[in-house]
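Undergrad: Supplied structure: data09.txt, compact mmCIF, C-alpha atoms.
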# COMPACT_ATOMS: atom_id res chain seq x y z
CA MET A 1 -37.74 1.07 4.17
CA ARG A 2 -37.29 -2.69 4.12
CA MET A 3 -34.01 -4.45 3.37
CA TYR A 4 -35.96 -7.08 1.40
CA ASP A 5 -37.20 -4.41 -1.02
CA LEU A 6 -33.73 -2.90 -1.46
CA ILE A 7 -32.19 -6.32 -2.20
CA THR A 8 -34.92 -6.86 -4.81
CA LYS A 9 -34.33 -3.43 -6.32
CA LYS A 10 -30.58 -4.02 -6.72
CA LYS A 11 -31.18 -7.60 -7.93
CA HIS A 12 -33.10 -6.09 -10.87
CA GLY A 13 -30.25 -3.66 -11.59
CA GLU A 14 -32.03 -0.54 -10.42
CA THR A 15 -30.25 2.46 -8.89
CA LEU A 16 -30.40 2.99 -5.14
CA THR A 17 -30.82 6.44 -3.62
CA LYS A 18 -28.40 7.99 -1.12
CA GLU A 19 -30.99 7.47 1.65
CA GLU A 20 -31.43 3.80 0.74
CA ILE A 21 -27.68 3.16 0.79
CA GLU A 22 -27.36 4.94 4.16
CA PHE A 23 -30.20 2.80 5.50
CA ILE A 24 -28.34 -0.38 4.45
CA VAL A 25 -24.94 0.70 5.83
CA ASP A 26 -26.31 2.07 9.11
CA GLY A 27 -28.59 -0.92 9.62
CA PHE A 28 -25.82 -3.45 9.05
CA THR A 29 -23.30 -1.54 11.19
CA ASN A 30 -25.80 -1.32 14.06
CA GLU A 31 -26.73 -5.02 13.66
CA GLN A 32 -30.33 -4.28 12.67
CA ILE A 33 -29.77 -5.93 9.28
CA PRO A 34 -28.62 -9.56 9.54
CA ASP A 35 -25.60 -11.08 7.75
CA TYR A 36 -27.76 -13.18 5.43
CA GLN A 37 -29.57 -10.16 4.03
CA MET A 38 -26.36 -8.15 3.67
CA SER A 39 -24.79 -11.16 1.89
CA ALA A 40 -27.69 -11.22 -0.56
CA PHE A 41 -27.30 -7.49 -1.16
CA LEU A 42 -23.54 -7.79 -1.77
CA MET A 43 -24.08 -10.60 -4.25
CA SER A 44 -26.66 -8.44 -6.06
CA VAL A 45 -24.09 -5.63 -6.26
CA TYR A 46 -21.47 -8.11 -7.47
CA PHE A 47 -23.62 -9.15 -10.44
CA LYS A 48 -25.47 -5.89 -11.20
CA GLY A 49 -22.80 -3.33 -10.27
CA MET A 50 -23.21 0.21 -8.96
CA SER A 51 -23.25 3.58 -10.66
CA LEU A 52 -20.56 6.12 -9.77
CA GLN A 53 -23.06 8.08 -7.65
CA GLU A 54 -24.10 4.91 -5.80
CA THR A 55 -20.41 4.13 -5.19
CA ILE A 56 -19.80 7.66 -3.84
CA ASP A 57 -22.86 7.35 -1.59
CA LEU A 58 -21.69 3.94 -0.32
CA THR A 59 -18.22 5.35 0.37
CA MET A 60 -19.55 8.33 2.33
CA ALA A 61 -22.02 6.20 4.29
CA MET A 62 -19.04 4.11 5.43
CA VAL A 63 -17.02 7.26 6.20
CA HIS A 64 -19.85 8.59 8.40
CA SER A 65 -20.22 5.24 10.22
CA GLY A 66 -17.36 6.09 12.59
CA ASP A 67 -14.63 8.59 13.47
CA GLU A 68 -13.55 11.21 10.95
CA LEU A 69 -10.20 12.86 11.52
CA ASP A 70 -10.47 16.65 11.47
CA LEU A 71 -7.08 17.90 10.30
CA SER A 72 -8.02 21.60 10.39
CA PRO A 73 -5.59 22.29 13.29
CA ILE A 74 -2.77 21.43 10.86
CA GLU A 75 -1.49 24.40 8.85
CA GLY A 76 -1.62 24.16 5.06
CA LYS A 77 -2.93 21.56 2.62
CA LYS A 78 -2.34 17.99 3.76
CA ALA A 79 -1.24 15.20 1.39
CA ASP A 80 -1.46 11.42 1.82
CA LYS A 81 -0.48 8.40 -0.24
CA HIS A 82 -2.11 4.98 -0.28
CA SER A 83 -0.86 1.78 -1.90
CA THR A 84 -3.11 -1.11 -2.89
CA GLY A 85 -0.40 -3.42 -1.53
CA GLY A 86 2.70 -5.11 -2.85
CA VAL A 87 5.87 -7.03 -2.08
CA GLY A 88 8.86 -4.91 -1.11
CA ASP A 89 6.79 -1.71 -1.01
CA LYS A 90 8.60 0.63 1.35
CA THR A 91 7.67 3.82 -0.53
CA SER A 92 6.05 5.57 2.47
CA LEU A 93 9.39 5.50 4.31
CA ILE A 94 10.97 7.45 1.44
CA ILE A 95 8.13 9.66 0.22
CA GLY A 96 7.09 10.97 3.65
CA PRO A 97 10.49 12.49 4.52
CA MET A 98 11.03 13.90 0.99
CA VAL A 99 7.66 15.64 0.85
CA ALA A 100 7.86 16.85 4.46
CA ALA A 101 11.36 18.25 3.82
CA LEU A 102 9.72 20.51 1.22
CA GLY A 103 7.31 21.90 3.81
CA VAL A 104 4.22 19.90 2.79
CA PRO A 105 2.31 18.34 5.73
CA VAL A 106 2.07 14.54 5.52
CA ALA A 107 -0.52 13.35 8.03
CA LYS A 108 -0.56 9.59 7.65
CA MET A 109 -2.68 6.93 9.24
CA SER A 110 -1.22 3.48 8.54
CA GLY A 111 -2.02 -0.11 9.36
CA ARG A 112 -0.09 -3.21 10.19
CA GLY A 113 0.48 -5.89 7.60
CA LEU A 114 -1.64 -9.04 7.46
CA GLY A 115 -0.24 -11.55 5.00
CA HIS A 116 3.04 -11.59 3.10
CA THR A 117 5.00 -8.83 4.84
CA GLY A 118 4.64 -6.21 7.51
CA GLY A 119 2.91 -2.88 6.96
CA THR A 120 4.49 0.55 7.26
CA ILE A 121 4.07 0.54 11.04
CA ASP A 122 5.76 -2.87 11.38
CA LYS A 123 8.69 -1.65 9.30
CA LEU A 124 9.06 1.51 11.39
CA GLU A 125 9.07 -0.55 14.57
CA SER A 126 12.45 -1.87 13.42
CA PHE A 127 13.66 1.35 15.08
CA PRO A 128 13.80 0.49 18.81
CA GLY A 129 11.23 2.49 20.78
CA PHE A 130 9.27 3.76 17.76
CA SER A 131 5.59 4.24 18.56
CA VAL A 132 2.50 5.24 16.61
CA SER A 133 0.48 5.71 19.81
CA LEU A 134 0.35 9.49 19.66
CA SER A 135 -2.45 11.54 21.13
CA GLU A 136 -4.40 13.62 18.63
CA GLN A 137 -2.68 16.75 19.97
CA GLN A 138 0.80 15.20 19.64
CA PHE A 139 -0.08 14.16 16.08
CA PHE A 140 -1.09 17.71 15.17
CA ASP A 141 1.87 19.29 16.99
CA ASN A 142 4.39 16.99 15.26
CA ILE A 143 3.01 17.79 11.81
CA ASN A 144 2.89 21.54 12.45
CA ARG A 145 6.46 21.43 13.76
CA MET A 146 8.15 19.10 11.27
CA LYS A 147 5.44 18.28 8.67
CA LEU A 148 5.39 14.48 9.20
CA ALA A 149 3.68 12.07 11.59
CA ILE A 150 2.24 8.57 11.34
CA ILE A 151 -0.36 7.08 13.66
CA GLY A 152 -2.11 3.72 13.70
CA GLN A 153 -5.62 3.38 12.35
CA THR A 154 -8.23 3.93 15.03
CA ALA A 155 -10.59 1.05 15.73
CA ASN A 156 -13.55 3.24 14.89
CA LEU A 157 -12.34 4.48 11.49
CA ALA A 158 -14.97 3.43 8.92
CA PRO A 159 -16.25 0.53 11.07
CA ALA A 160 -18.92 -0.23 8.44
CA ASP A 161 -16.13 -1.06 5.99
CA LYS A 162 -14.55 -3.53 8.43
CA LYS A 163 -17.87 -5.33 8.93
CA ILE A 164 -18.75 -5.34 5.24
CA TYR A 165 -15.27 -6.45 4.18
CA ALA A 166 -15.34 -9.38 6.61
CA LEU A 167 -18.60 -10.50 5.00
CA ARG A 168 -17.30 -9.99 1.45
CA ASP A 169 -14.29 -12.11 2.34
CA VAL A 170 -16.45 -15.18 3.11
CA THR A 171 -19.13 -14.67 0.44
CA ALA A 172 -16.87 -14.43 -2.65
CA THR A 173 -17.81 -10.78 -3.25
CA VAL A 174 -14.40 -9.17 -2.75
CA ASP A 175 -13.55 -8.60 -6.41
CA ASN A 176 -16.09 -5.98 -7.42
CA TYR A 177 -14.77 -2.55 -8.48
CA SER A 178 -17.32 -0.47 -6.58
CA LEU A 179 -16.89 -2.50 -3.39
CA ILE A 180 -13.07 -2.39 -3.58
CA ALA A 181 -13.01 1.33 -4.38
CA SER A 182 -15.46 2.33 -1.64
CA SER A 183 -13.56 0.21 0.91
CA ILE A 184 -10.22 1.91 0.16
CA MET A 185 -11.58 5.43 -0.25
CA SER A 186 -13.78 5.38 2.86
CA LYS A 187 -10.67 5.02 5.03
CA LYS A 188 -8.65 7.60 3.08
CA ILE A 189 -11.45 10.19 3.19
CA ALA A 190 -12.11 9.56 6.90
CA ALA A 191 -8.37 10.14 7.53
CA GLY A 192 -8.88 13.76 6.49
CA SER A 193 -6.18 14.71 3.97
CA ASP A 194 -6.92 17.27 1.24
CA VAL A 195 -4.86 15.48 -1.43
CA ILE A 196 -4.90 11.70 -1.94
CA VAL A 197 -2.40 9.97 -4.22
CA LEU A 198 -3.16 6.30 -4.87
CA ASP A 199 -0.59 3.71 -5.94
CA VAL A 200 -2.70 1.19 -7.88
CA LYS A 201 -0.64 -1.89 -8.62
CA CYS A 202 -1.13 -4.67 -11.14
CA GLY A 203 0.67 -7.93 -11.82
CA SER A 204 1.38 -11.23 -10.11
CA GLY A 205 1.95 -9.60 -6.72
CA ALA A 206 -1.14 -7.39 -6.82
CA PHE A 207 -4.88 -7.85 -6.36
CA MET A 208 -5.50 -6.43 -9.85
CA LYS A 209 -3.68 -8.75 -12.24
CA THR A 210 -3.95 -6.71 -15.48
CA ILE A 211 -3.44 -3.08 -16.43
CA ASP A 212 -7.07 -2.89 -17.63
CA GLU A 213 -8.31 -3.94 -14.19
CA ALA A 214 -6.00 -1.44 -12.50
CA VAL A 215 -7.22 1.37 -14.78
CA GLU A 216 -10.87 0.58 -14.06
CA LEU A 217 -10.33 0.58 -10.28
CA ALA A 218 -8.19 3.73 -10.41
CA LYS A 219 -10.79 5.66 -12.42
CA ILE A 220 -13.52 4.85 -9.90
CA MET A 221 -11.37 5.84 -6.90
CA VAL A 222 -10.22 9.10 -8.51
CA ASN A 223 -13.84 9.97 -9.35
CA ILE A 224 -14.94 9.18 -5.78
CA GLY A 225 -12.22 11.46 -4.39
CA HIS A 226 -13.10 14.38 -6.65
CA GLY A 227 -16.79 13.71 -6.11
CA VAL A 228 -16.39 14.48 -2.41
CA GLY A 229 -14.01 17.42 -2.83
CA ARG A 230 -10.62 15.72 -2.43
CA THR A 231 -7.91 16.23 -5.05
CA THR A 232 -7.12 12.67 -6.08
CA TYR A 233 -4.61 11.06 -8.45
CA ALA A 234 -3.81 7.43 -9.14
CA VAL A 235 -0.41 6.16 -10.27
CA LEU A 236 -0.55 2.82 -12.09
CA SER A 237 2.46 0.69 -11.21
CA ASP A 238 3.87 -2.73 -11.98
CA MET A 239 3.91 -5.43 -9.32
CA SER A 240 5.01 -8.32 -11.54
CA GLN A 241 8.19 -8.45 -9.45
CA PRO A 242 9.17 -7.18 -5.99
CA LEU A 243 9.72 -3.42 -5.64
CA GLY A 244 13.36 -2.66 -4.95
CA ASN A 245 15.91 -5.30 -3.96
CA TYR A 246 14.81 -6.23 -0.44
CA VAL A 247 11.72 -7.83 1.08
CA GLY A 248 11.38 -7.92 4.87
CA ASN A 249 10.87 -5.29 7.53
CA ALA A 250 14.29 -4.15 8.80
CA LEU A 251 15.85 -4.97 5.41
CA GLU A 252 13.36 -2.66 3.69
CA VAL A 253 14.02 0.12 6.21
CA LYS A 254 17.74 -0.12 5.44
CA GLU A 255 16.96 0.05 1.71
CA ALA A 256 14.79 3.12 2.30
CA ILE A 257 17.67 4.79 4.17
CA GLU A 258 19.99 4.03 1.24
CA ALA A 259 17.39 5.48 -1.14
CA LEU A 260 17.32 8.73 0.85
CA LYS A 261 21.12 8.84 0.50
CA GLY A 262 20.72 8.66 -3.29
CA ASN A 263 21.44 4.96 -3.66
CA GLY A 264 17.95 3.60 -4.30
CA PRO A 265 17.26 1.11 -7.14
CA LYS A 266 15.64 2.58 -10.24
CA ASP A 267 12.21 0.92 -9.94
CA LEU A 268 11.84 2.01 -6.32
CA MET A 269 12.93 5.58 -7.02
CA ASP A 270 10.73 5.86 -10.14
CA SER A 271 7.76 4.88 -7.98
CA CYS A 272 8.63 7.25 -5.13
CA MET A 273 9.36 10.21 -7.41
CA THR A 274 6.11 9.82 -9.33
CA LEU A 275 3.91 9.40 -6.26
CA ALA A 276 5.59 12.24 -4.37
CA SER A 277 5.43 14.53 -7.44
CA TYR A 278 1.65 14.23 -7.57
CA MET A 279 1.45 14.96 -3.84
CA LEU A 280 3.35 18.21 -4.51
CA LEU A 281 1.20 19.01 -7.55
CA GLY A 282 -1.99 18.40 -5.58
CA VAL A 283 -1.15 20.87 -2.81
CA GLY A 284 0.24 23.46 -5.24
CA ARG A 285 3.89 23.15 -4.12
CA ALA A 286 4.95 22.53 -7.74
CA ALA A 287 3.40 23.58 -11.04
CA SER A 288 4.60 20.58 -13.08
CA VAL A 289 5.83 17.03 -12.62
CA GLN A 290 9.32 18.09 -13.74
CA GLU A 291 9.46 20.90 -11.18
CA ALA A 292 8.24 18.50 -8.50
CA GLU A 293 10.89 15.90 -9.39
CA ASP A 294 13.63 18.55 -9.29
CA LEU A 295 12.49 19.66 -5.83
CA LEU A 296 12.38 16.07 -4.58
CA GLU A 297 15.84 15.34 -5.98
CA SER A 298 17.15 18.36 -4.09
CA THR A 299 16.01 16.88 -0.76
CA ILE A 300 18.18 13.83 -1.42
CA LYS A 301 21.18 15.80 -2.67
CA ASP A 302 21.21 18.23 0.26
CA GLY A 303 20.45 15.54 2.88
CA SER A 304 17.25 17.22 4.12
CA ALA A 305 15.07 14.15 3.46
CA LEU A 306 17.40 11.85 5.43
CA ASN A 307 17.55 14.41 8.24
CA LYS A 308 13.74 14.54 8.19
CA LEU A 309 13.53 10.75 8.58
CA ALA A 310 15.79 10.92 11.64
CA GLU A 311 13.80 13.83 13.10
CA PHE A 312 10.52 11.96 12.52
CA VAL A 313 11.79 8.70 14.09
CA GLU A 314 13.08 10.54 17.16
CA ALA A 315 9.84 12.52 17.56
CA GLN A 316 7.90 9.25 17.77
CA GLY A 317 10.19 7.69 20.38
CA GLY A 318 12.49 5.76 18.06
CA ASP A 319 16.27 5.50 18.17
CA ALA A 320 17.29 7.82 15.32
CA SER A 321 20.94 6.71 15.52
CA TYR A 322 19.89 3.74 13.36
CA VAL A 323 19.33 6.18 10.48
CA TRP A 324 23.02 7.15 10.63
CA HIS A 325 24.25 3.67 11.54
CA PRO A 326 21.99 1.15 9.77
CA GLU A 327 24.43 -1.62 10.65
CA LYS A 328 22.79 -1.49 14.10
CA PHE A 329 19.59 -3.10 12.77
CA PRO A 330 19.31 -6.74 13.89
CA LYS A 331 20.90 -9.42 11.71
CA THR A 332 19.68 -12.98 11.28
CA VAL A 333 21.47 -16.13 12.43
CA PHE A 334 21.37 -17.73 8.98
CA CYS A 335 21.91 -16.37 5.45
CA GLU A 336 21.74 -18.65 2.42
CA GLU A 337 22.17 -17.92 -1.27
CA ILE A 338 19.57 -19.59 -3.50
CA ILE A 339 21.35 -20.87 -6.59
CA SER A 340 19.97 -21.08 -10.12
CA ALA A 341 19.89 -24.57 -11.65
CA GLU A 342 19.85 -23.23 -15.22
CA ASP A 343 21.10 -20.53 -17.59
CA GLY A 344 18.75 -17.97 -19.09
CA TYR A 345 17.02 -14.63 -18.82
CA VAL A 346 14.62 -14.14 -15.91
CA SER A 347 11.30 -13.97 -17.77
CA GLU A 348 8.95 -13.88 -14.80
CA ILE A 349 8.97 -13.66 -11.03
CA LEU A 350 5.80 -14.87 -9.34
CA THR A 351 5.72 -12.03 -6.87
CA ASP A 352 3.09 -13.56 -4.61
CA GLU A 353 5.47 -16.55 -4.20
CA ILE A 354 8.20 -14.15 -3.07
CA GLY A 355 5.72 -12.75 -0.57
CA ILE A 356 4.91 -16.24 0.71
CA THR A 357 8.64 -16.94 1.00
CA SER A 358 8.95 -13.92 3.30
CA LEU A 359 5.89 -15.09 5.26
CA LEU A 360 7.38 -18.56 5.74
CA LEU A 361 10.60 -17.01 7.06
CA GLY A 362 8.52 -15.16 9.68
CA GLY A 363 8.38 -11.73 7.99
CA GLY A 364 4.58 -11.51 7.82
CA ARG A 365 1.43 -12.45 9.69
CA GLU A 366 -0.84 -15.41 8.96
CA THR A 367 -3.25 -14.20 11.67
CA LYS A 368 -3.67 -10.92 13.56
CA GLU A 369 -2.00 -12.55 16.56
CA SER A 370 1.14 -13.67 14.66
CA GLU A 371 4.44 -12.21 15.82
CA ILE A 372 6.63 -10.77 13.05
CA ASP A 373 10.37 -11.39 13.03
CA LEU A 374 11.55 -7.94 11.89
CA SER A 375 15.05 -9.13 10.90
CA VAL A 376 14.19 -11.86 8.36
CA GLY A 377 13.65 -11.43 4.65
CA ILE A 378 15.02 -11.72 1.14
CA ARG A 379 17.73 -9.95 -0.86
CA ILE A 380 16.62 -10.15 -4.50
CA ARG A 381 19.72 -10.46 -6.69
CA LYS A 382 18.14 -11.16 -10.09
CA LYS A 383 15.08 -9.41 -11.48
CA VAL A 384 13.08 -9.68 -14.70
CA GLY A 385 15.37 -9.15 -17.70
CA SER A 386 18.54 -10.20 -15.83
CA TYR A 387 20.73 -12.90 -17.38
CA VAL A 388 21.53 -15.73 -14.98
CA ARG A 389 24.17 -18.43 -15.31
CA LYS A 390 23.74 -21.84 -13.71
CA GLY A 391 25.30 -21.66 -10.24
CA GLU A 392 24.66 -17.93 -9.80
CA SER A 393 22.60 -16.69 -6.88
CA LEU A 394 19.00 -15.61 -7.54
CA ALA A 395 18.44 -14.32 -4.02
CA ARG A 396 19.72 -14.50 -0.47
CA LEU A 397 17.42 -15.65 2.33
CA HIS A 398 17.85 -14.17 5.82
CA ALA A 399 16.45 -16.50 8.50
CA ASN A 400 16.56 -17.24 12.22
CA ASP A 401 15.03 -20.73 12.05
CA LEU A 402 16.43 -23.61 9.98
CA ASP A 403 13.04 -25.29 9.53
CA LYS A 404 11.56 -22.05 8.22
CA LEU A 405 14.54 -21.61 5.92
CA ARG A 406 14.06 -25.13 4.49
CA ALA A 407 10.37 -24.43 3.89
CA ALA A 408 11.07 -21.10 2.20
CA LYS A 409 13.74 -22.24 -0.28
CA PRO A 410 11.50 -24.17 -2.72
CA ARG A 411 8.95 -21.32 -2.77
CA LEU A 412 11.69 -18.90 -3.78
CA LEU A 413 12.97 -21.20 -6.52
CA ASN A 414 9.45 -21.79 -7.84
CA ALA A 415 8.94 -18.04 -8.18
CA TYR A 416 11.60 -17.74 -10.90
CA HIS A 417 10.89 -18.58 -14.55
CA PHE A 418 13.47 -18.39 -17.33
CA SER A 419 13.68 -17.82 -21.08
CA GLU A 420 16.43 -18.47 -23.63
CA THR A 421 15.59 -15.23 -25.44
CA ARG A 422 16.37 -11.78 -24.13
CA ILE A 423 13.63 -10.20 -21.97
CA GLU A 424 13.23 -6.46 -21.66
CA GLU A 425 13.33 -5.03 -18.16
CA PRO A 426 9.74 -3.94 -17.41
CA LYS A 427 8.73 -0.34 -16.73
CA HIS A 428 7.62 0.21 -13.18
CA VAL A 429 5.36 3.26 -13.54
CA LEU A 430 2.74 2.36 -16.14
CA GLY A 431 0.47 5.40 -16.21
CA ILE A 432 -1.45 8.14 -14.41
CA VAL A 433 -5.17 8.54 -13.82
CA THR A 434 -6.53 12.01 -13.06
CA LYS A 435 -10.02 13.51 -13.14
CA ASP A 436 -9.28 14.45 -16.76
CA GLY A 437 -8.54 10.91 -17.93
CA VAL A 438 -5.97 8.13 -18.26
CA THR A 439 -2.40 8.45 -19.58
CA LEU A 440 -0.52 5.20 -20.15
CA PHE A 441 3.27 5.26 -20.60
Any chance you could give the structure as structure tokens?
TA:
Amino acid sequence: MRMYDLITKKKHGETLTKEEIEFIVDGFTNEQIPDYQMSAFLMSVYFKGMSLQETIDLTMAMVHSGDELDLSPIEGKKADKHSTGGVGDKTSLIIGPMVAALGVPVAKMSGRGLGHTGGTIDKLESFPGFSVSLSEQQFFDNINRMKLAIIGQTANLAPADKKIYALRDVTATVDNYSLIASSIMSKKIAAGSDVIVLDVKCGSGAFMKTIDEAVELAKIMVNIGHGVGRTTYAVLSDMSQPLGNYVGNALEVKEAIEALKGNGPKDLMDSCMTLASYMLLGVGRAASVQEAEDLLESTIKDGSALNKLAEFVEAQGGDASYVWHPEKFPKTVFCEEIISAEDGYVSEILTDEIGITSLLLGGGRETKESEIDLSVGIRIRKKVGSYVRKGESLARLHANDLDKLRAAKPRLLNAYHFSETRIEEPKHVLGIVTKDGVTLF
């Protein structure tokens, strides 16, 4: 086989075989195919697309390029959840303990955040001493004992995806459905869970801006999952405003703790309940969404989910007393209310601007080497549909640096748009995609 011939074949819109796709992925990963040829191939895919079978073959070639986590030592069916990213998304901190409290193993491999806010691991490191550096045996033992553990992504998990994504990032070939779907699913499949529930977001704070784009991506990912024997669902959710009322690492952990006490905001709890319900459905723990939601509600009412969070934090070296005394989390030196200059209904929140506000305060990473300030962030006081009077607070900024606070304030104000006419509060969960089709709410 020659890469030149395969580029030509895809350039003309022809279908590549499994062997041809493996040749491309293996050759590029092992540096036998140069960047310039891979760039030409990616651009051909961008314009000509890939069939579902080609996308499955690309996904599995990337899975086989590195380590694959064998979860067979863990008893029972394993469930995992993946989000396509968002501002204020602390769902894993709530879902994991709820599902684990019902006896379903949650074996999660998470990453750190790069961009607006920290990732799940950064948030968990708000607990002093918390570590994701577990040995494989510790990981298995923790899940068998208490049904929940989170480790960091290994460097050799789907290494082909890392190399290909880096090239897509600089060749304007990121936004192709097959390439996005195979990138996400290669890591999820390599991580080994039997059931994969995807949170596919759309809106101003998401990569997919419209519901139609989110549906298209979700359908491909669900079909990939089922095509390789993994039960897969996708929940379509709104990211046209931050999820919940807090953005920032320790602030989001405190909100997650409140949610597990039964005090979570509606949009956050709607998201968590829907995602967790499909995890229970997928492993056979519940026979319907309603039964699953009732079971999940019971873990909040009887305190078992909050107890599970504390048990999980302690098992991974963290100080679990913070679960019972969240006032112990670090506080910032400065807090400032951001005041509205006009009356009206909040018609739009540019969610990516809220994310940048958090980044400017120090709550995210601009580069891999950036240090995150876990205590900074934003308390969102007014969301879409809220009526605001001139002089009322839109949000409160938590900061440790006055210069950063000054830089963040205009970004926060610019994120808010107003209307004189009443705006309906948006639904958060927009639909479900299964192997049987799409249901929009």
Undergrad: Using all atoms listed in the file, can you tell me which of A:Met43, A:Ile21, A:Met109, A:Ile338 comes closest to Asp169 in chain A?
TA: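 Among the listed residues, the smallest separation from Asp169 in chain A belongs to A:Met43.
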Undergrad: Just how far from CA of Ser182 in chain A is CA of Ser51 in chain A, in Å to one decimal?
TA: 12.0 Å
Undergrad: Between A:Ala218, A:Met273, A:Ile211, A:Ile339, which is the closest to Phe441 in chain A once you count all atoms listed in the file?
TA: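 Of the candidates, the smallest distance to Phe441 in chain A is held by A:Ile211.
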Undergrad: Using only C-alpha atoms, which of A:Asp175, A:Ser72, A:Ala149, A:Val99 sits nearest Glu293 in chain A?
TA: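 Closest to Glu293 in chain A, using only C-alpha atoms: A:Val99.
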Undergrad: Give me, as a list of chain:residue names, all polymer residues having an atom no more than 7 Å from Glu348 in chain A, counting all atoms listed in the file and skipping those fewer than 4 positions away in the same chain.
TA: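 My reading of the contact set: A:Val384, A:Tyr416, A:His417, A:Phe418.
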Undergrad: Can I get the selection written as a CSV table (one decimal), keeping the file's coordinate frame, with C-alpha atoms?
TA:
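The resulting selection33.csv:
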chain,number,residue,atom,x,y,z
A,384,VAL,CA,13.1,-9.7,-14.7
A,416,TYR,CA,11.6,-17.7,-10.9
A,417,HIS,CA,10.9,-18.6,-14.6
A,418,PHE,CA,13.5,-18.4,-17.3
Undergrad: Show which residues sit within 8 Å of Leu296 in chain A, as a ChimeraX atom specification. Count only C-alpha atoms, and ignore same-chain residues fewer than 2 positions away.
TA: /A:98-99,102,273,276-277,292-294,298-300
Undergrad: With distances taken over all atoms listed in the file, which of A:Phe47, A:Glu31, A:Leu236, A:Tyr36 is nearest to His12 in chain A?
TA: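 For His12 in chain A, the nearest of the candidates is A:Phe47.
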